[in-house]
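Engineer: Have a look at this one before I ask anything.
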Amino acid sequence: MTTERTATRPPVPVTAFARTRVLLRTHPLAVDLLFYLGCAVYAVALALTGEFYGFRIWGTCAAFGYGLAAAHTGWLMTARRPGGPLRSRWLGLAAIAVLSMLLPLVVLVIRRLTGTDWLNTPFSWSAQPEVWVIERSARLLLEHGTPYVDVTALARVPEVNDYTPYGPVMAVFGLPRALFGGGPVADALTDARLMFVLTACVCAWLTLRLIGSPRVPVRAAQLAMAFPLTALTWAVAGPDLAIVGLLLVAAALAARDRPRASGTVLALVISAKLIVAPAAVVLAVLIFARLGRKALARFAGTTVAACLVLNVPVFVVDPHAFVEHVIRFPAGLGQVTSPAASPLPGHLIAGIGPAGKVAAFILLVGAAAAIIVWLLRRPPVAGSDALWRIAAGLSAFTLLTPATRFGYLLYPCVLIGAALCFRRAEAADAGPTSS
């Protein structure tokens with residue numbers, strides 16, 4: 001009688017990422033509860049310690065929205081048979097949409113009519129400076145053909161709010177107020193934040209239509225909409241929401257094999273906010289992987305041509321002002337130093353001294369090189385893949401750039417949430433062919 005020895009395989013190590021995926025799938029309500037409680041803590045902290053009036057108002061309102069969402073989730077976890085519409089996890093998100101987004105936006109838009117925003121008193125600001133700056137840029141564009149102030153021609157020392165660190169397209173969001181503002185009702189209805197919000201909502205709807213109108217996962221909505229940075233930006237500022245919305249439309253068009261349309265929308269994005277320009281590389285690789293060289297040439301040619309059409313006329317009016325506002329100031333080389341700074345790794349490392357600045361630069365270059373290698377070795381062939389890579393690039397930029405803003409983390413959160421929607425749509429498209 002022979003005995004057979006069965007080789008025992010060593011246990012496969014379970015990574016933290018795998019554990020997280022299992023937790024998200026097996027305990028969705030517990031994850032919801034932790035998410036909403038964390039958001040509520042952030043909102044309360046901002047309400048108590050926020051430097052800006054708008055931040056405190058948002059934190060006060062948002063705490064109730066997140067608190068109701070947490071309470072509803074706790075009820076779902078304990079109730080044996082919750083029935084009807086109350087059983088939906090979307091009810092908590094609805095409370096956040098109303099109390100953490102719409103309510104503070106309305107309050108702050110009305111409060112802004114008191115005219116305290118331009119004062120040197122942040123505790124009275126109902127809108128963040130980017131809102132006033134963009135509205136001013138629209139007036140300047142109509143009057144002088146350029147949205148940029150010549151800071152060298154001012155009869156005083158220039159200050160940070162004299163700068164408009166955006167591309168010419170951003171001024172479009174201030175045009176309604178420049179054209180139709182003037183009275184209390186008109187000023188409220190043409191607040192640039194409403195233009196940003198409207199653009200973001202239209203872009204979200206259009207993106208979903210382009211990818212086939214998939215059912216939006218709750219987790220995607222939590223990341224893209226309910227995340228505190230998104231809700232806060234919605235109420236007090238807004239330009240980043242419009243920009244990321246347009247970026248999603250460009251990605252959806254690329255994923256639907258429409259390179260010229262994608263390049264046109266991407267040119268609008270780049271000509272509004274230059275920091276998202278690296279997304280062009282990812283979308284170019286996506287189009288090349290899906291359609292080949294000719295499509296890549298159409299995409300690149302359209303993007304470059306549209307950028308020239310959008311930027312050259314403004315550049316010609318005042319080249320020095322264009323370079324000073326759009327390039328030198330964001331890079332920290334302007335006559336006034338950009339105040340952008342957050343307690344993120346890049347800023348903290350650069351704060352050590354000259355060696356720290358060099359180290360931060362090396363880390364940033366290394367992260368960029370790693371993402372490029374990732375792109376080349378595993379080029380994205382689907383929209384969700386491209387969004388993950390764009391999110392990684394913008395995360396690295398935000399975390400490792402010495403002069404950056406914490407709020408820019410909004411971009412990867414929204415992009416990851418959108419990637420979940422793209423992935424669901426891609427799975428639905430692949431379903432019939434695989435059966």
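Every chain in the structure tokens has a letter given in the order shown (A, B, ...), and although residue numbers restart at 1 in each chain, ligands are simply numbered from 1 in the order shown.
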How close does each residue of range 231-286 of chain A get to range 156-168 of chain A, giving the shortest atom pair and distance in Å to one decimal for every residue with an atom at most 8 Å away, counting only C-alpha atoms, sorted by chain and residue number, as JSON lines?
Structural biologist:
{"residue": "A:Ile270", "atom": "CA", "partner": "A:Gly167", "partner_atom": "CA", "distance": 7.5}
{"residue": "A:Ser271", "atom": "CA", "partner": "A:Gly167", "partner_atom": "CA", "distance": 4.7}
{"residue": "A:Ala272", "atom": "CA", "partner": "A:Gly167", "partner_atom": "CA", "distance": 4.2}
{"residue": "A:Lys273", "atom": "CA", "partner": "A:Tyr166", "partner_atom": "CA", "distance": 5.2}
{"residue": "A:Leu274", "atom": "CA", "partner": "A:Gly167", "partner_atom": "CA", "distance": 6.9}
Engineer: Residues of range 95-281 of chain A classed as helix (DSSP H, G or I) by DSSP on the backbone are to be reported as an NGL selection string.
Structural biologist: :A and (95-114 or 122-124 or 129-144 or 151-153 or 160-162 or 168-180 or 184-189 or 192-210 or 218-226 or 228-236 or 239-255 or 259-270 or 274-276 or 279-281)
Engineer: Kindly provide the residues of range 178-290 of chain A that approach range 138-152 of chain A to within 12 Å, each paired with its closest atom pair and their distance in Å to one decimal, based on only C-alpha atoms, listed by chain and increasing number, as a tab-separated table.
Structural biologist:
residue	atom	partner	partner_atom	distance
A:Ala178	CA	A:Arg139	CA	5.4
A:Leu179	CA	A:Arg139	CA	8.2
A:Phe180	CA	A:Arg139	CA	11.2
A:Gly181	CA	A:Arg139	CA	10.9
A:Ala192	CA	A:Ala138	CA	10.4
A:Ala272	CA	A:Pro147	CA	11.8
Engineer: Would you kindly return, as a PyMOL selection string, each protein, DNA or RNA residue with an atom no farther than 12 Å from any atom of Ala63 in chain A, considering only C-alpha atoms and excluding same-chain residues fewer than 2 positions away?
Structural biologist: chain A and resi 36-48+55-61+65-71+95-96+98-101+103-104+228+231-232
Engineer: Got time to write the residues from that selection, N, CA, C and O atoms, as a compact mmCIF listing (two decimals), in the first residue's frame?
Structural biologist:
# COMPACT_ATOMS: atom_id res chain seq x y z
N TYR A 36 -20.10 58.42 6.58
CA TYR A 36 -20.93 59.56 6.97
C TYR A 36 -20.49 60.14 8.31
O TYR A 36 -20.51 61.37 8.51
N LEU A 37 -20.10 59.28 9.24
CA LEU A 37 -19.62 59.78 10.53
C LEU A 37 -18.33 60.58 10.35
O LEU A 37 -18.14 61.63 10.97
N GLY A 38 -17.42 60.08 9.53
CA GLY A 38 -16.19 60.82 9.26
C GLY A 38 -16.48 62.17 8.62
O GLY A 38 -15.86 63.19 8.99
N CYS A 39 -17.41 62.20 7.68
CA CYS A 39 -17.79 63.46 7.04
C CYS A 39 -18.41 64.42 8.05
O CYS A 39 -18.15 65.63 8.02
N ALA A 40 -19.24 63.88 8.95
CA ALA A 40 -19.87 64.73 9.95
C ALA A 40 -18.84 65.34 10.89
O ALA A 40 -18.93 66.53 11.26
N VAL A 41 -17.85 64.56 11.29
CA VAL A 41 -16.79 65.08 12.16
C VAL A 41 -16.04 66.20 11.46
O VAL A 41 -15.74 67.25 12.05
N TYR A 42 -15.74 66.02 10.18
CA TYR A 42 -15.05 67.06 9.41
C TYR A 42 -15.89 68.33 9.34
O TYR A 42 -15.38 69.44 9.51
N ALA A 43 -17.19 68.17 9.08
CA ALA A 43 -18.08 69.33 8.98
C ALA A 43 -18.15 70.09 10.31
O ALA A 43 -18.09 71.32 10.34
N VAL A 44 -18.27 69.36 11.42
CA VAL A 44 -18.34 70.02 12.73
C VAL A 44 -17.03 70.75 13.02
O VAL A 44 -17.04 71.90 13.50
N ALA A 45 -15.91 70.11 12.72
CA ALA A 45 -14.62 70.77 12.96
C ALA A 45 -14.49 72.04 12.14
O ALA A 45 -14.00 73.07 12.64
N LEU A 46 -14.95 72.01 10.91
CA LEU A 46 -14.86 73.20 10.07
C LEU A 46 -15.81 74.29 10.55
O LEU A 46 -15.49 75.49 10.50
N ALA A 47 -16.97 73.89 11.04
CA ALA A 47 -17.92 74.87 11.56
C ALA A 47 -17.36 75.59 12.78
O ALA A 47 -17.63 76.78 12.99
N LEU A 48 -16.55 74.91 13.56
CA LEU A 48 -16.02 75.49 14.79
C LEU A 48 -14.70 76.23 14.58
O LEU A 48 -14.41 77.18 15.32
N PHE A 55 -17.01 78.76 5.04
CA PHE A 55 -16.66 77.44 5.56
C PHE A 55 -17.49 77.12 6.81
O PHE A 55 -17.95 75.99 6.99
N ARG A 56 -17.65 78.12 7.67
CA ARG A 56 -18.41 77.87 8.91
C ARG A 56 -19.88 77.61 8.62
O ARG A 56 -20.49 76.74 9.23
N ILE A 57 -20.44 78.37 7.68
CA ILE A 57 -21.84 78.13 7.31
C ILE A 57 -21.99 76.75 6.70
O ILE A 57 -22.93 76.00 7.02
N TRP A 58 -21.07 76.40 5.78
CA TRP A 58 -21.16 75.08 5.19
C TRP A 58 -21.05 74.00 6.26
O TRP A 58 -21.82 73.02 6.25
N GLY A 59 -20.08 74.11 7.16
CA GLY A 59 -19.90 73.10 8.18
C GLY A 59 -21.13 72.93 9.05
O GLY A 59 -21.51 71.80 9.38
N THR A 60 -21.78 74.03 9.39
CA THR A 60 -22.98 73.95 10.23
C THR A 60 -24.10 73.21 9.51
O THR A 60 -24.75 72.33 10.08
N CYS A 61 -24.34 73.59 8.25
CA CYS A 61 -25.41 72.93 7.48
C CYS A 61 -25.04 71.48 7.16
O CYS A 61 -25.88 70.57 7.30
N GLY A 65 -26.73 67.34 7.46
CA GLY A 65 -26.91 66.42 6.35
C GLY A 65 -26.20 65.11 6.57
O GLY A 65 -26.78 64.02 6.40
N TYR A 66 -24.93 65.18 6.95
CA TYR A 66 -24.17 63.95 7.20
C TYR A 66 -24.73 63.21 8.42
O TYR A 66 -24.75 61.97 8.45
N GLY A 67 -25.17 63.97 9.43
CA GLY A 67 -25.74 63.33 10.61
C GLY A 67 -27.01 62.56 10.28
O GLY A 67 -27.20 61.43 10.76
N LEU A 68 -27.87 63.14 9.45
CA LEU A 68 -29.09 62.43 9.05
C LEU A 68 -28.75 61.19 8.23
O LEU A 68 -29.38 60.14 8.38
N ALA A 69 -27.76 61.31 7.35
CA ALA A 69 -27.36 60.16 6.55
C ALA A 69 -26.83 59.04 7.45
O ALA A 69 -27.13 57.86 7.24
N ALA A 70 -26.03 59.41 8.47
CA ALA A 70 -25.52 58.40 9.39
C ALA A 70 -26.64 57.76 10.20
O ALA A 70 -26.66 56.54 10.41
N ALA A 71 -27.59 58.60 10.66
CA ALA A 71 -28.72 58.06 11.43
C ALA A 71 -29.55 57.11 10.59
O ALA A 71 -29.98 56.04 11.06
N ALA A 95 -30.37 63.45 1.67
CA ALA A 95 -30.25 64.39 2.79
C ALA A 95 -28.98 65.22 2.66
O ALA A 95 -28.98 66.43 2.93
N ILE A 96 -27.91 64.61 2.21
CA ILE A 96 -26.65 65.35 2.01
C ILE A 96 -26.81 66.37 0.89
O ILE A 96 -26.35 67.51 1.00
N VAL A 98 -29.44 67.94 -0.08
CA VAL A 98 -30.28 69.08 0.31
C VAL A 98 -29.62 69.92 1.40
O VAL A 98 -29.52 71.15 1.28
N LEU A 99 -29.15 69.27 2.46
CA LEU A 99 -28.67 70.01 3.63
C LEU A 99 -27.19 70.37 3.55
O LEU A 99 -26.78 71.39 4.12
N SER A 100 -26.39 69.56 2.89
CA SER A 100 -24.95 69.80 2.86
C SER A 100 -24.49 70.50 1.59
O SER A 100 -23.33 70.92 1.51
N MET A 101 -25.39 70.61 0.60
CA MET A 101 -25.00 71.23 -0.67
C MET A 101 -25.92 72.37 -1.05
O MET A 101 -25.50 73.52 -1.16
N LEU A 103 -28.62 73.82 0.56
CA LEU A 103 -28.93 74.79 1.60
C LEU A 103 -27.79 75.78 1.83
O LEU A 103 -28.01 77.00 1.79
N PRO A 104 -26.56 75.34 2.08
CA PRO A 104 -25.49 76.33 2.28
C PRO A 104 -25.23 77.17 1.05
O PRO A 104 -24.88 78.36 1.17
N PRO A 228 -16.77 65.44 1.43
CA PRO A 228 -16.79 66.81 1.95
C PRO A 228 -16.14 67.84 1.04
O PRO A 228 -16.64 68.97 0.93
N ALA A 231 -18.74 68.71 -1.63
CA ALA A 231 -19.87 69.47 -1.10
C ALA A 231 -19.45 70.87 -0.67
O ALA A 231 -20.17 71.85 -0.89
N LEU A 232 -18.27 70.99 -0.06
CA LEU A 232 -17.78 72.30 0.36
C LEU A 232 -17.51 73.18 -0.85
O LEU A 232 -17.91 74.37 -0.87
Engineer: For Ser88 in chain A, please output as a PyMOL selection string all residues within 12 Å (counting only C-alpha atoms; exclusion window: fewer than 3 positions along the same chain).
Structural biologist: chain A and resi 29+69+72-73+75-77+82-85+91-94+218
Engineer: Next, dump the selected residues to file, keeping only all heavy atoms, as a JSON list (two decimals), in the first residue's frame.
Structural biologist:
[["chain", "number", "residue", "atom", "x", "y", "z"],
["A", 29, "LEU", "N", -23.23, 48.71, 4.46],
["A", 29, "LEU", "CA", -23.84, 49.66, 5.39],
["A", 29, "LEU", "C", -22.85, 50.11, 6.46],
["A", 29, "LEU", "O", -22.86, 51.28, 6.87],
["A", 29, "LEU", "CB", -25.08, 49.04, 6.04],
["A", 29, "LEU", "CG", -26.28, 48.83, 5.11],
["A", 29, "LEU", "CD1", -27.42, 48.15, 5.87],
["A", 29, "LEU", "CD2", -26.76, 50.17, 4.55],
["A", 69, "ALA", "N", -27.76, 61.31, 7.35],
["A", 69, "ALA", "CA", -27.36, 60.16, 6.55],
["A", 69, "ALA", "C", -26.83, 59.04, 7.45],
["A", 69, "ALA", "O", -27.13, 57.86, 7.24],
["A", 69, "ALA", "CB", -26.30, 60.58, 5.53],
["A", 72, "HIS", "N", -29.80, 57.47, 9.35],
["A", 72, "HIS", "CA", -30.57, 56.59, 8.46],
["A", 72, "HIS", "C", -29.84, 55.28, 8.21],
["A", 72, "HIS", "O", -30.45, 54.19, 8.22],
["A", 72, "HIS", "CB", -30.84, 57.30, 7.13],
["A", 72, "HIS", "CG", -31.53, 56.44, 6.12],
["A", 72, "HIS", "ND1", -30.87, 55.87, 5.06],
["A", 72, "HIS", "CD2", -32.82, 56.02, 6.04],
["A", 72, "HIS", "CE1", -31.72, 55.15, 4.35],
["A", 72, "HIS", "NE2", -32.91, 55.22, 4.91],
["A", 73, "THR", "N", -28.51, 55.35, 8.03],
["A", 73, "THR", "CA", -27.74, 54.14, 7.82],
["A", 73, "THR", "C", -27.77, 53.25, 9.06],
["A", 73, "THR", "O", -27.90, 52.03, 8.96],
["A", 73, "THR", "CB", -26.29, 54.50, 7.45],
["A", 73, "THR", "OG1", -26.28, 55.33, 6.30],
["A", 73, "THR", "CG2", -25.47, 53.25, 7.17],
["A", 75, "TRP", "N", -30.15, 53.08, 11.19],
["A", 75, "TRP", "CA", -31.49, 52.46, 11.23],
["A", 75, "TRP", "C", -31.57, 51.28, 10.27],
["A", 75, "TRP", "O", -32.14, 50.24, 10.59],
["A", 75, "TRP", "CB", -32.54, 53.51, 10.87],
["A", 75, "TRP", "CG", -33.93, 52.96, 10.78],
["A", 75, "TRP", "CD1", -34.74, 52.58, 11.81],
["A", 75, "TRP", "CD2", -34.66, 52.70, 9.58],
["A", 75, "TRP", "NE1", -35.94, 52.10, 11.33],
["A", 75, "TRP", "CE2", -35.92, 52.17, 9.97],
["A", 75, "TRP", "CE3", -34.39, 52.88, 8.23],
["A", 75, "TRP", "CZ2", -36.89, 51.82, 9.04],
["A", 75, "TRP", "CZ3", -35.35, 52.54, 7.30],
["A", 75, "TRP", "CH2", -36.58, 52.02, 7.71],
["A", 76, "LEU", "N", -30.98, 51.44, 9.07],
["A", 76, "LEU", "CA", -30.98, 50.34, 8.12],
["A", 76, "LEU", "C", -30.24, 49.12, 8.67],
["A", 76, "LEU", "O", -30.61, 47.98, 8.40],
["A", 76, "LEU", "CB", -30.31, 50.77, 6.81],
["A", 76, "LEU", "CG", -31.09, 51.74, 5.91],
["A", 76, "LEU", "CD1", -30.25, 52.10, 4.69],
["A", 76, "LEU", "CD2", -32.42, 51.16, 5.48],
["A", 77, "MET", "N", -29.21, 49.37, 9.48],
["A", 77, "MET", "CA", -28.43, 48.27, 10.02],
["A", 77, "MET", "C", -29.15, 47.54, 11.13],
["A", 77, "MET", "O", -28.92, 46.34, 11.36],
["A", 77, "MET", "CB", -27.08, 48.79, 10.54],
["A", 77, "MET", "CG", -26.17, 49.34, 9.46],
["A", 77, "MET", "SD", -24.66, 50.10, 10.13],
["A", 77, "MET", "CE", -23.82, 48.66, 10.81],
["A", 82, "PRO", "N", -37.05, 47.05, 7.12],
["A", 82, "PRO", "CA", -37.44, 48.38, 6.67],
["A", 82, "PRO", "C", -38.09, 48.29, 5.30],
["A", 82, "PRO", "O", -37.63, 47.57, 4.43],
["A", 82, "PRO", "CB", -36.11, 49.14, 6.60],
["A", 82, "PRO", "CG", -35.09, 48.06, 6.41],
["A", 82, "PRO", "CD", -35.60, 46.86, 7.15],
["A", 83, "GLY", "N", -39.21, 48.98, 5.12],
["A", 83, "GLY", "CA", -39.96, 48.86, 3.87],
["A", 83, "GLY", "C", -40.07, 50.17, 3.14],
["A", 83, "GLY", "O", -39.78, 51.24, 3.67],
["A", 84, "GLY", "N", -40.50, 50.07, 1.87],
["A", 84, "GLY", "CA", -40.75, 51.24, 1.07],
["A", 84, "GLY", "C", -39.49, 52.00, 0.70],
["A", 84, "GLY", "O", -38.38, 51.50, 0.79],
["A", 85, "PRO", "N", -39.67, 53.26, 0.29],
["A", 85, "PRO", "CA", -38.52, 54.06, -0.13],
["A", 85, "PRO", "C", -37.53, 54.35, 1.00],
["A", 85, "PRO", "O", -36.38, 54.69, 0.73],
["A", 85, "PRO", "CB", -39.17, 55.36, -0.64],
["A", 85, "PRO", "CG", -40.50, 55.42, 0.04],
["A", 85, "PRO", "CD", -40.94, 54.00, 0.18],
["A", 91, "LEU", "N", -31.42, 57.49, 0.23],
["A", 91, "LEU", "CA", -32.09, 58.48, 1.07],
["A", 91, "LEU", "C", -31.07, 59.31, 1.85],
["A", 91, "LEU", "O", -31.22, 60.52, 2.00],
["A", 91, "LEU", "CB", -33.06, 57.80, 2.02],
["A", 91, "LEU", "CG", -34.03, 58.72, 2.76],
["A", 91, "LEU", "CD1", -34.93, 59.46, 1.76],
["A", 91, "LEU", "CD2", -34.89, 57.92, 3.73],
["A", 92, "GLY", "N", -30.02, 58.66, 2.34],
["A", 92, "GLY", "CA", -28.97, 59.39, 3.04],
["A", 92, "GLY", "C", -28.26, 60.37, 2.11],
["A", 92, "GLY", "O", -27.95, 61.50, 2.50],
["A", 93, "LEU", "N", -28.02, 59.96, 0.87],
["A", 93, "LEU", "CA", -27.39, 60.86, -0.09],
["A", 93, "LEU", "C", -28.31, 62.02, -0.43],
["A", 93, "LEU", "O", -27.84, 63.14, -0.67],
["A", 93, "LEU", "CB", -27.02, 60.08, -1.35],
["A", 93, "LEU", "CG", -25.85, 59.11, -1.20],
["A", 93, "LEU", "CD1", -25.76, 58.18, -2.40],
["A", 93, "LEU", "CD2", -24.55, 59.87, -1.02],
["A", 94, "ALA", "N", -29.61, 61.78, -0.44],
["A", 94, "ALA", "CA", -30.56, 62.88, -0.69],
["A", 94, "ALA", "C", -30.49, 63.91, 0.43],
["A", 94, "ALA", "O", -30.55, 65.13, 0.18],
["A", 94, "ALA", "CB", -31.97, 62.33, -0.82],
["A", 218, "VAL", "N", -23.95, 53.49, -5.43],
["A", 218, "VAL", "CA", -23.99, 54.38, -4.26],
["A", 218, "VAL", "C", -22.58, 54.83, -3.89],
["A", 218, "VAL", "O", -22.35, 56.00, -3.57],
["A", 218, "VAL", "CB", -24.66, 53.67, -3.07],
["A", 218, "VAL", "CG1", -24.49, 54.48, -1.78],
["A", 218, "VAL", "CG2", -26.14, 53.46, -3.36]]
